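Peer 1: Got final-v9.cif for you, mmCIF, C-alpha atoms and all ligand atoms:
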```
data_protein
loop_
_atom_site.label_atom_id
_atom_site.label_comp_id
_atom_site.auth_asym_id
_atom_site.auth_seq_id
_atom_site.Cartn_x
_atom_site.Cartn_y
_atom_site.Cartn_z
CA MET S 24 112.53 -137.89 -151.53
CA SER S 25 116.08 -138.43 -150.45
CA LYS S 26 117.06 -141.08 -148.02
CA SER S 27 120.81 -141.11 -147.81
CA ASN S 28 120.92 -138.15 -145.46
CA SER S 29 119.02 -139.74 -142.64
CA ALA S 30 120.42 -143.20 -143.20
CA ILE S 31 122.41 -144.76 -140.43
CA ASP S 32 125.63 -145.68 -142.14
CA ARG S 33 127.05 -142.54 -143.57
CA ASP S 34 130.74 -142.75 -144.32
CA SER S 35 131.56 -139.67 -142.33
CA GLU S 36 129.80 -141.17 -139.38
CA SER S 37 131.68 -144.41 -139.46
CA ASP S 38 134.89 -142.43 -139.79
CA ARG S 39 134.00 -140.43 -136.76
CA ASN S 40 133.19 -143.58 -134.88
CA ARG S 41 136.52 -145.06 -135.82
CA GLU S 42 138.33 -141.97 -134.61
CA HIS S 43 136.34 -142.19 -131.46
CA ALA S 44 137.27 -145.80 -131.00
CA SER S 45 140.98 -145.12 -131.37
CA ASP S 46 140.79 -142.21 -128.93
CA ASN S 47 139.27 -144.56 -126.45
CA ALA S 48 141.95 -147.14 -127.04
CA SER S 49 144.84 -144.74 -126.44
CA ASP S 50 143.34 -143.42 -123.23
CA HIS S 51 142.09 -146.77 -122.22
CA GLU S 52 143.92 -147.20 -118.93
CA SER S 53 143.45 -143.69 -117.61
CA ASP S 54 139.79 -143.61 -118.56
CA ARG S 55 139.02 -146.94 -117.19
CA ARG S 56 137.49 -145.82 -113.96
CA ASP S 57 135.51 -143.09 -115.71
CA GLN S 58 133.99 -145.28 -118.32
CA GLY S 59 130.77 -145.74 -116.49
CA VAL S 60 128.95 -148.71 -115.18
CA LEU S 61 129.42 -151.01 -118.15
CA GLU S 62 132.34 -153.25 -117.37
CA CYS S 63 132.38 -155.26 -120.53
CA THR S 64 133.87 -158.45 -119.14
CA ASP S 65 131.55 -160.75 -121.05
CA CYS S 66 130.47 -158.61 -123.97
CA LEU S 67 129.61 -160.52 -127.08
CA ASP S 68 130.88 -159.69 -130.52
CA PRO S 69 127.84 -158.80 -132.68
CA ALA S 70 128.70 -161.47 -135.25
CA ASP S 71 128.87 -164.08 -132.51
CA ALA S 72 125.58 -162.85 -131.11
CA PHE S 73 123.87 -163.25 -134.47
CA ALA S 74 125.39 -166.70 -134.85
CA LEU S 75 123.96 -167.72 -131.49
CA VAL S 76 120.39 -166.86 -132.45
CA GLY S 77 120.73 -167.73 -136.13
CA ASN S 78 119.23 -171.12 -135.54
CA GLU S 79 115.61 -172.15 -135.79
CA VAL S 80 115.48 -174.04 -132.52
CA ARG S 81 116.98 -171.13 -130.59
CA LEU S 82 114.65 -168.65 -132.19
CA SER S 83 111.75 -170.97 -131.31
CA ILE S 84 112.95 -171.04 -127.70
CA LEU S 85 112.95 -167.23 -127.58
CA GLU S 86 109.50 -167.15 -129.18
CA ALA S 87 108.19 -169.70 -126.70
CA LEU S 88 109.49 -167.57 -123.83
CA TRP S 89 107.76 -164.59 -125.38
CA ALA S 90 104.44 -166.40 -125.77
CA ALA S 91 104.44 -167.91 -122.28
CA GLU S 92 101.77 -166.55 -119.98
CA GLU S 93 103.86 -166.83 -116.87
CA SER S 94 107.50 -166.29 -116.21
CA PRO S 95 109.87 -167.99 -115.47
CA VAL S 96 109.14 -170.86 -117.85
CA SER S 97 110.29 -174.32 -116.85
CA PHE S 98 112.62 -176.43 -118.94
CA SER S 99 109.96 -179.03 -119.70
CA GLU S 100 107.36 -176.47 -120.69
CA LEU S 101 109.82 -174.70 -122.99
CA ARG S 102 110.76 -178.00 -124.59
CA ARG S 103 107.09 -178.90 -125.07
CA GLU S 104 106.36 -175.53 -126.69
CA VAL S 105 109.30 -175.82 -129.04
CA GLY S 106 108.27 -179.40 -129.80
CA MET S 107 111.65 -181.05 -129.43
CA ARG S 108 111.76 -184.61 -128.18
CA ASP S 109 115.46 -184.96 -127.63
CA SER S 110 116.02 -183.42 -124.22
CA ALA S 111 119.82 -183.36 -124.49
CA GLN S 112 119.73 -181.63 -127.84
CA PHE S 113 117.14 -179.17 -126.61
CA ASN S 114 119.30 -178.41 -123.61
CA TYR S 115 122.31 -177.85 -125.88
CA HIS S 116 120.46 -175.10 -127.75
CA LEU S 117 118.97 -173.63 -124.60
CA GLN S 118 122.40 -173.38 -122.98
CA LYS S 119 123.70 -171.47 -126.01
CA LEU S 120 121.15 -168.78 -125.18
CA VAL S 121 121.77 -168.72 -121.46
CA GLY S 122 123.96 -165.81 -120.44
CA HIS S 123 123.31 -163.29 -123.17
CA PHE S 124 119.71 -163.80 -124.21
CA VAL S 125 118.13 -165.85 -121.45
CA THR S 126 118.84 -166.28 -117.80
CA GLN S 127 117.91 -168.95 -115.32
CA GLN S 128 115.66 -167.90 -112.48
CA GLY S 129 114.57 -170.43 -109.88
CA ASP S 130 113.66 -173.55 -111.79
CA GLY S 131 112.78 -171.74 -114.98
CA TYR S 132 114.06 -169.36 -117.62
CA VAL S 133 113.41 -165.68 -118.28
CA PHE S 134 114.47 -163.19 -120.93
CA LYS S 135 117.42 -160.93 -120.74
CA HIS S 136 116.96 -157.64 -122.56
CA ALA S 137 118.82 -158.82 -125.66
CA GLY S 138 116.63 -161.92 -125.97
CA GLU S 139 113.47 -159.90 -125.75
CA LYS S 140 114.86 -157.48 -128.31
CA VAL S 141 115.51 -160.31 -130.78
CA VAL S 142 111.93 -161.50 -130.52
CA ARG S 143 110.58 -157.99 -130.77
CA SER S 144 112.51 -157.35 -133.94
CA VAL S 145 111.23 -160.61 -135.42
CA ILE S 146 107.69 -159.58 -134.53
CA ALA S 147 108.16 -156.03 -135.83
CA GLY S 148 109.24 -157.31 -139.21
CA SER S 149 107.46 -160.58 -139.65
CA PHE S 150 103.83 -159.75 -140.25
CA ASN S 151 104.71 -158.97 -143.79
CA GLU S 152 108.26 -159.08 -144.95
CA HIS S 153 108.01 -156.71 -147.85
CA PRO S 154 104.86 -154.78 -147.19
CA SER S 155 103.78 -152.28 -149.74
CA ILE S 156 100.80 -150.03 -149.48
CA GLU S 157 99.68 -147.51 -152.02
CA PRO S 158 100.29 -143.88 -151.05
CA PHE S 159 97.29 -142.61 -149.12
CA ASP S 160 95.93 -139.19 -148.21
CA VAL S 161 96.55 -137.82 -144.74
CA THR S 162 95.08 -134.87 -142.84
CA GLY S 163 96.52 -131.44 -143.43
CA ALA S 164 97.85 -129.36 -146.27
CA CYS S 165 101.35 -128.62 -147.54
CA PHE S 166 102.97 -125.71 -145.69
CA ALA S 167 104.65 -124.64 -148.92
CA CYS S 168 101.81 -124.72 -151.47
CA ASP S 169 98.69 -125.72 -149.56
CA GLY S 170 98.44 -128.86 -151.70
CA PRO S 171 97.16 -132.24 -150.43
CA LEU S 172 99.49 -134.44 -148.35
CA ALA S 173 100.03 -138.16 -148.79
CA ALA S 174 101.85 -140.87 -146.85
CA THR S 175 104.15 -143.19 -148.79
CA TYR S 176 105.59 -146.42 -147.42
CA GLU S 177 108.85 -147.68 -148.89
CA ASP S 178 111.79 -149.69 -147.52
CA GLU S 179 110.20 -149.75 -144.07
CA ARG S 180 110.10 -145.98 -143.94
CA LEU S 181 107.05 -143.80 -143.96
CA ALA S 182 107.16 -140.38 -145.56
CA ILE S 183 104.65 -137.55 -145.62
CA ASP S 184 104.96 -135.56 -148.83
CA CYS S 185 102.96 -132.99 -150.76
CA ARG S 186 101.19 -134.51 -153.76
CA ALA S 187 101.33 -131.20 -155.61
CA CYS S 188 104.86 -129.84 -155.09
CA GLY S 189 106.69 -132.81 -153.56
CA GLN S 190 107.74 -130.91 -150.42
CA GLY S 191 108.74 -133.36 -147.68
CA HIS S 192 107.04 -133.24 -144.28
CA GLY S 193 109.21 -135.82 -142.58
CA GLU S 194 110.37 -139.34 -143.36
CA TYR S 195 111.24 -141.85 -140.66
CA ALA S 196 111.63 -145.55 -140.09
CA PHE S 197 108.36 -147.30 -139.35
CA PRO S 198 108.59 -151.07 -138.80
CA PRO S 199 106.25 -153.22 -140.93
CA GLY S 200 104.60 -154.49 -137.72
CA GLY S 201 103.12 -150.99 -137.38
CA LEU S 202 101.01 -151.54 -140.50
CA ALA S 203 99.33 -154.69 -139.23
CA ASP S 204 95.79 -154.46 -137.97
CA ARG S 205 95.50 -150.72 -138.61
CA THR S 206 93.43 -148.63 -140.99
CA ARG S 207 95.26 -146.01 -143.04
CA ALA S 208 94.14 -143.28 -140.66
CA GLU S 209 95.40 -145.33 -137.73
CA ILE S 210 98.74 -145.89 -139.47
CA ALA S 211 99.12 -142.13 -139.91
CA ASP S 212 98.23 -141.58 -136.27
CA ALA S 213 100.69 -144.24 -135.08
CA PHE S 214 103.40 -142.69 -137.25
CA ASP S 215 102.73 -139.27 -135.72
CA GLN S 216 102.99 -140.72 -132.20
CA ARG S 217 106.14 -142.62 -133.06
CA VAL S 218 107.91 -139.61 -134.56
CA ARG S 219 107.08 -137.47 -131.53
CA HIS S 220 108.21 -140.16 -129.15
CA LEU S 221 111.51 -140.93 -130.92
CA HIS S 222 112.45 -137.27 -131.20
CA CYS S 223 111.53 -136.63 -127.61
CA LEU S 224 113.88 -139.38 -126.45
CA ALA S 225 116.60 -138.27 -128.84
CA ALA S 226 116.40 -134.64 -127.72
CA ASP S 227 116.60 -135.83 -124.13
CA GLY S 228 119.91 -137.48 -125.05
CA VAL S 229 118.77 -141.12 -125.18
CA CYS S 230 119.12 -143.14 -128.38
CA PRO S 231 115.75 -144.74 -129.23
CA GLU S 232 117.59 -147.69 -130.79
CA CYS S 233 120.23 -148.61 -128.22
CA SER S 234 119.72 -146.15 -125.33
CA GLY S 235 123.23 -144.85 -125.95
CA ARG S 236 124.15 -141.20 -125.53
CA MET S 237 122.56 -139.10 -128.23
CA GLU S 238 124.02 -135.76 -129.27
CA THR S 239 122.13 -132.84 -130.70
CA ARG S 240 123.51 -130.61 -133.41
CA ILE S 241 122.15 -127.58 -135.19
CA VAL S 242 122.77 -128.04 -138.89
CA GLU S 243 122.72 -125.42 -141.64
CA GLU S 244 122.62 -127.63 -144.72
CA ASP S 245 119.85 -128.36 -147.12
CA ASP S 246 120.44 -132.08 -147.44
CA CYS S 247 117.80 -133.92 -145.47
CA CYS S 248 114.36 -135.37 -146.11
CA LEU S 249 112.70 -132.15 -145.00
CA GLY S 250 114.54 -130.00 -147.53
CA VAL S 251 115.09 -127.33 -144.89
CA SER S 252 118.34 -125.42 -144.57
CA LEU S 253 118.22 -125.00 -140.81
CA ARG S 254 117.48 -128.13 -138.89
CA VAL S 255 118.39 -130.27 -135.93
CA ASP S 256 120.22 -133.60 -136.08
CA HIS S 257 120.42 -136.11 -133.28
CA GLU S 258 123.14 -138.70 -133.51
CA CYS S 259 123.96 -141.61 -131.23
CA ARG S 260 127.58 -141.84 -130.13
CA GLN S 261 127.21 -145.56 -129.59
CA CYS S 262 125.37 -146.91 -132.65
CA ALA S 263 125.42 -143.86 -135.00
CA HIS S 264 121.62 -143.87 -135.35
CA THR S 265 120.57 -140.48 -136.70
CA LEU S 266 117.33 -138.50 -136.61
CA CYS S 267 116.71 -135.15 -138.26
CA SER S 268 113.91 -132.67 -137.70
CA ALA S 269 112.88 -129.06 -137.81
CA ALA S 270 113.71 -127.39 -134.50
CA GLY S 271 110.05 -126.80 -133.66
CA LEU S 272 109.37 -130.51 -133.24
CA ARG S 273 111.13 -130.29 -129.89
CA LEU S 274 108.49 -127.86 -128.66
CA LEU S 275 105.40 -130.05 -129.13
CA ASP S 276 105.22 -130.95 -125.46
CA HIS S 277 106.73 -127.80 -123.98
CA SER S 278 104.27 -126.49 -121.41
CA GLU S 279 104.18 -122.87 -122.60
CA VAL S 280 103.72 -123.92 -126.20
CA VAL S 281 100.95 -126.33 -125.20
CA THR S 282 99.24 -123.61 -123.12
CA PHE S 283 99.58 -121.00 -125.89
CA HIS S 284 97.69 -123.38 -128.18
CA ARG S 285 95.15 -124.52 -125.61
CA GLU S 286 94.19 -120.92 -124.82
CA ARG S 287 93.40 -120.54 -128.51
CA GLY S 288 91.38 -123.74 -128.76
CA VAL S 289 94.05 -126.00 -130.25
CA SER S 290 95.07 -129.26 -128.61
CA LEU S 291 98.57 -130.12 -129.80
CA ASP S 292 97.98 -133.78 -128.95
CA ASP S 293 95.26 -133.97 -131.57
CA ARG S 294 97.19 -132.32 -134.37
CA PRO S 295 99.55 -134.49 -136.43
CA TYR S 296 102.98 -132.86 -136.25
CA TRP S 297 103.07 -132.36 -140.04
CA THR S 298 100.06 -130.03 -139.90
CA LEU S 299 102.09 -127.59 -137.79
CA PRO S 300 104.35 -125.62 -140.16
CA TRP S 301 106.88 -124.74 -137.41
CA CYS S 302 107.44 -128.49 -136.88
CA VAL S 303 108.34 -129.27 -140.49
CA SER S 304 109.60 -126.07 -142.07
CA ASP S 305 112.52 -123.79 -141.23
CA GLU S 306 110.57 -120.74 -142.32
CA PHE S 307 109.74 -120.08 -138.68
CA THR S 308 113.20 -120.84 -137.32
CA ARG S 309 116.05 -118.38 -137.10
CA LEU S 310 119.59 -118.71 -135.85
CA VAL S 311 119.83 -115.73 -133.49
CA ASP S 312 123.30 -116.46 -132.16
CA ARG S 313 126.35 -118.63 -132.78
CA ASP S 314 128.89 -119.89 -130.30
CA PRO S 315 126.92 -120.92 -128.49
CA SER S 316 124.04 -121.33 -130.92
CA ARG S 317 120.65 -119.92 -130.12
CA LEU S 318 117.59 -120.72 -132.18
CA GLU S 319 114.33 -118.84 -132.24
CA VAL S 320 111.12 -120.51 -133.36
CA ARG S 321 108.11 -118.33 -134.16
CA ILE S 322 104.72 -119.91 -133.61
CA PRO S 323 101.92 -117.84 -135.13
CA LEU S 324 98.35 -118.65 -134.12
CA ALA S 325 95.06 -116.79 -134.30
CA GLY S 326 96.72 -113.41 -134.84
CA ASP S 327 99.16 -113.84 -131.94
CA GLU S 328 102.67 -115.18 -131.95
CA LEU S 329 104.79 -117.08 -129.48
CA ARG S 330 108.55 -116.78 -129.88
CA VAL S 331 110.63 -119.45 -128.27
CA THR S 332 114.40 -119.25 -127.92
CA MET S 333 116.34 -122.49 -127.49
CA ASP S 334 119.99 -123.20 -126.75
CA ASP S 335 122.21 -125.57 -128.74
CA GLU S 336 120.79 -128.54 -126.86
CA LEU S 337 117.25 -127.40 -127.61
CA ALA S 338 116.48 -126.41 -124.04
CA VAL S 339 114.08 -123.48 -123.95
CA VAL S 340 115.81 -120.41 -122.56
CA GLU S 341 113.15 -117.81 -123.21
CA THR S 342 109.60 -117.42 -124.47
CA HIS S 343 107.94 -114.23 -125.58
CA GLU S 344 104.32 -113.75 -126.55
CA THR S 345 103.31 -111.01 -128.94
CA SER S 346 99.97 -109.89 -130.32
CA PRO S 347 99.35 -107.36 -133.11
CA SER S 348 98.69 -104.59 -130.55
CA SER S 349 101.85 -105.19 -128.51
CA ASP S 350 104.29 -105.83 -131.34
ZN ZN Q 1 103.22 -128.54 -151.70
ZN ZN Q 2 122.20 -145.78 -130.44
#
```
Now, as a test, write the supplied structure out as structure tokens.
Ligand SMILES: [Zn+2]
Ligand SMILES: [Zn+2]

Peer 2:
Amino acid sequence: MSKSNSAIDRDSESDRNREHASDNASDHESDRRDQGVLECTDCLDPADAFALVGNEVRLSILEALWAAEESPVSFSELRREVGMRDSAQFNYHLQKLVGHFVTQQGDGYVFKHAGEKVVRSVIAGSFNEHPSIEPFDVTGACFACDGPLAATYEDERLAIDCRACGQGHGEYAFPPGGLADRTRAEIADAFDQRVRHLHCLAADGVCPECSGRMETRIVEEDDCCLGVSLRVDHECRQCAHTLCSAAGLRLLDHSEVVTFHRERGVSLDDRPYWTLPWCVSDEFTRLVDRDPSRLEVRIPLAGDELRVTMDDELAVVETHETSPSSD
């Protein structure tokens, strides 16, 4: 199982980001009006942002806001929840959060997105800081050798691999909070849902981490967790978050693909993605054109086959159904 390939901080990526940053700087004035809605007049340096919330009282304030049943939360109620007697000192910490993490509304305080995000990330990681669970069996068989599949959890990533031949069936970040209060079968199900959801967002051009602009690339290199030589990468221009997948994963909620399966008694919602070979292997994917790239994914089922052609942004341009008699 290799991890480096789907990791966030690849050198080449940071280089590209640096180039990008200098491009922006040189064209700064001319681009100014085209730069979109984010006028960064009071943006906060990430290090300063971490410093602001790197304090127990301030984290407690954010947690108290989170736990409150009604919003906005008044000053006195917040102070009571945090358990701080000294009103002036409490106010000092609260004011450090106001602006970037918290905002005043009426006579109380509410979250800004960044404040909520801080608490969410604490919750996502805090049930168990270094959770380890033994590899466990999951539904389905290896597309390569028909061997049994197992889920392994390591470094906050969950991977589905073949116990017999080691073939990868996808490996993605899965926050420790996702393990809490779930059986192994439920963990596998949640992982399946999460992978579908993240890739759906990414393919639609929205980074699941920061909502930045995500770009899609067709890659012909055998260097990712799937061990396929034709795959799709999504990469965020803003935060460099990267996701890789087999091209077929994009098709899981495409209406014609869903119908093709439903007519043959298969509900794609009920099948973990890793049990569908065209979602994890490149055996069913073919590059039919370059410049611009066109991919074809073959989906065989019950003696018939659906062929789906996608463009370089994974939009479906054509579908074609064949059966043994017609093909
Ligand atoms: Zn195998
Ligand atoms: Zn991003």

Peer 1: Need to verify the contact set: Leu101 in chain S, 12 Å, only C-alpha atoms, exclusion of same-chain residues closer than 6 positions in sequence. Can you return it as an MDAnalysis selection string?

Peer 2: chainID S and resid 80:81 83:95 107:108 110 113:114 116:117 130:133

Peer 1: Using only C-alpha atoms for the distances, tell me which of S:Phe166, S:Glu243, S:Pro295, S:Asp184 is nearest to Phe307 in chain S.

Peer 2: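 Counting only C-alpha atoms, the residue closest to Phe307 in chain S is S:Phe166.
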
Peer 1: Please return as a list in words the residues found within 10 Å of ligand ZN 1 (chain Q), counting all atoms listed in the file.

Peer 2: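 Within the 10 Å cut-off, the matching residues are Ala164, Cys165, Phe166, Ala167, Cys168, Asp169, Gly170, Pro171, Leu172, Asp184, Cys185, Arg186, Ala187, Cys188, Gly189, Gln190, Gly191 and His192 of chain S.
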
Peer 1: Could you pull out the residues sitting within 9 Å of ligand ZN 2 (chain Q), using all atoms listed in the file, and write them as a PDB file with C-alpha atoms, keeping the file's coordinate frame?

Peer 2:
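Okay, selection.pdb is ready:
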```pdb
ATOM      1  CA  VAL S 229     118.770-141.120-125.180  1.00  0.00           C
ATOM      2  CA  CYS S 230     119.120-143.140-128.380  1.00  0.00           C
ATOM      3  CA  PRO S 231     115.750-144.740-129.230  1.00  0.00           C
ATOM      4  CA  GLU S 232     117.590-147.690-130.790  1.00  0.00           C
ATOM      5  CA  CYS S 233     120.230-148.610-128.220  1.00  0.00           C
ATOM      6  CA  SER S 234     119.720-146.150-125.330  1.00  0.00           C
ATOM      7  CA  GLY S 235     123.230-144.850-125.950  1.00  0.00           C
ATOM      8  CA  ARG S 236     124.150-141.200-125.530  1.00  0.00           C
ATOM      9  CA  MET S 237     122.560-139.100-128.230  1.00  0.00           C
ATOM     10  CA  GLU S 258     123.140-138.700-133.510  1.00  0.00           C
ATOM     11  CA  CYS S 259     123.960-141.610-131.230  1.00  0.00           C
ATOM     12  CA  ARG S 260     127.580-141.840-130.130  1.00  0.00           C
ATOM     13  CA  GLN S 261     127.210-145.560-129.590  1.00  0.00           C
ATOM     14  CA  CYS S 262     125.370-146.910-132.650  1.00  0.00           C
ATOM     15  CA  ALA S 263     125.420-143.860-135.000  1.00  0.00           C
ATOM     16  CA  HIS S 264     121.620-143.870-135.350  1.00  0.00           C
ATOM     17  CA  THR S 265     120.570-140.480-136.700  1.00  0.00           C
TER      18      THR S 265
END
```

Peer 1: Choose the residue, out of S:Val125, S:Thr162, S:Leu249, S:Ala137, that has the smallest atom-to-atom separation from Ala182 in chain S; count all atoms listed in the file.

Peer 2: S:Leu249

Peer 1: For the atom pair CA of His343 in chain S and CA of Val331 in chain S, what is the interatomic distance in Å to one decimal place?

Peer 2: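 Those two atoms sit 6.5 Å apart.
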
Peer 1: Using all atoms listed in the file, determine which residues lie at most 7 Å from range 156-161 of chain S, disregarding the query and same-chain residues fewer than 4 positions distant; provide the list as JSON, numbers by chain.

Peer 2: {"S": [172, 173, 174, 175, 176, 211]}

Peer 1: Find the spatial neighbours of range 277-280 of chain S, counting only C-alpha atoms, within a cut-off of 9 Å - ignore same-chain residues fewer than 2 positions away - and output them as an NGL selection string.

Peer 2: :S and (273-275 or 282-285 or 291 or 322 or 329 or 331 or 339 or 342)
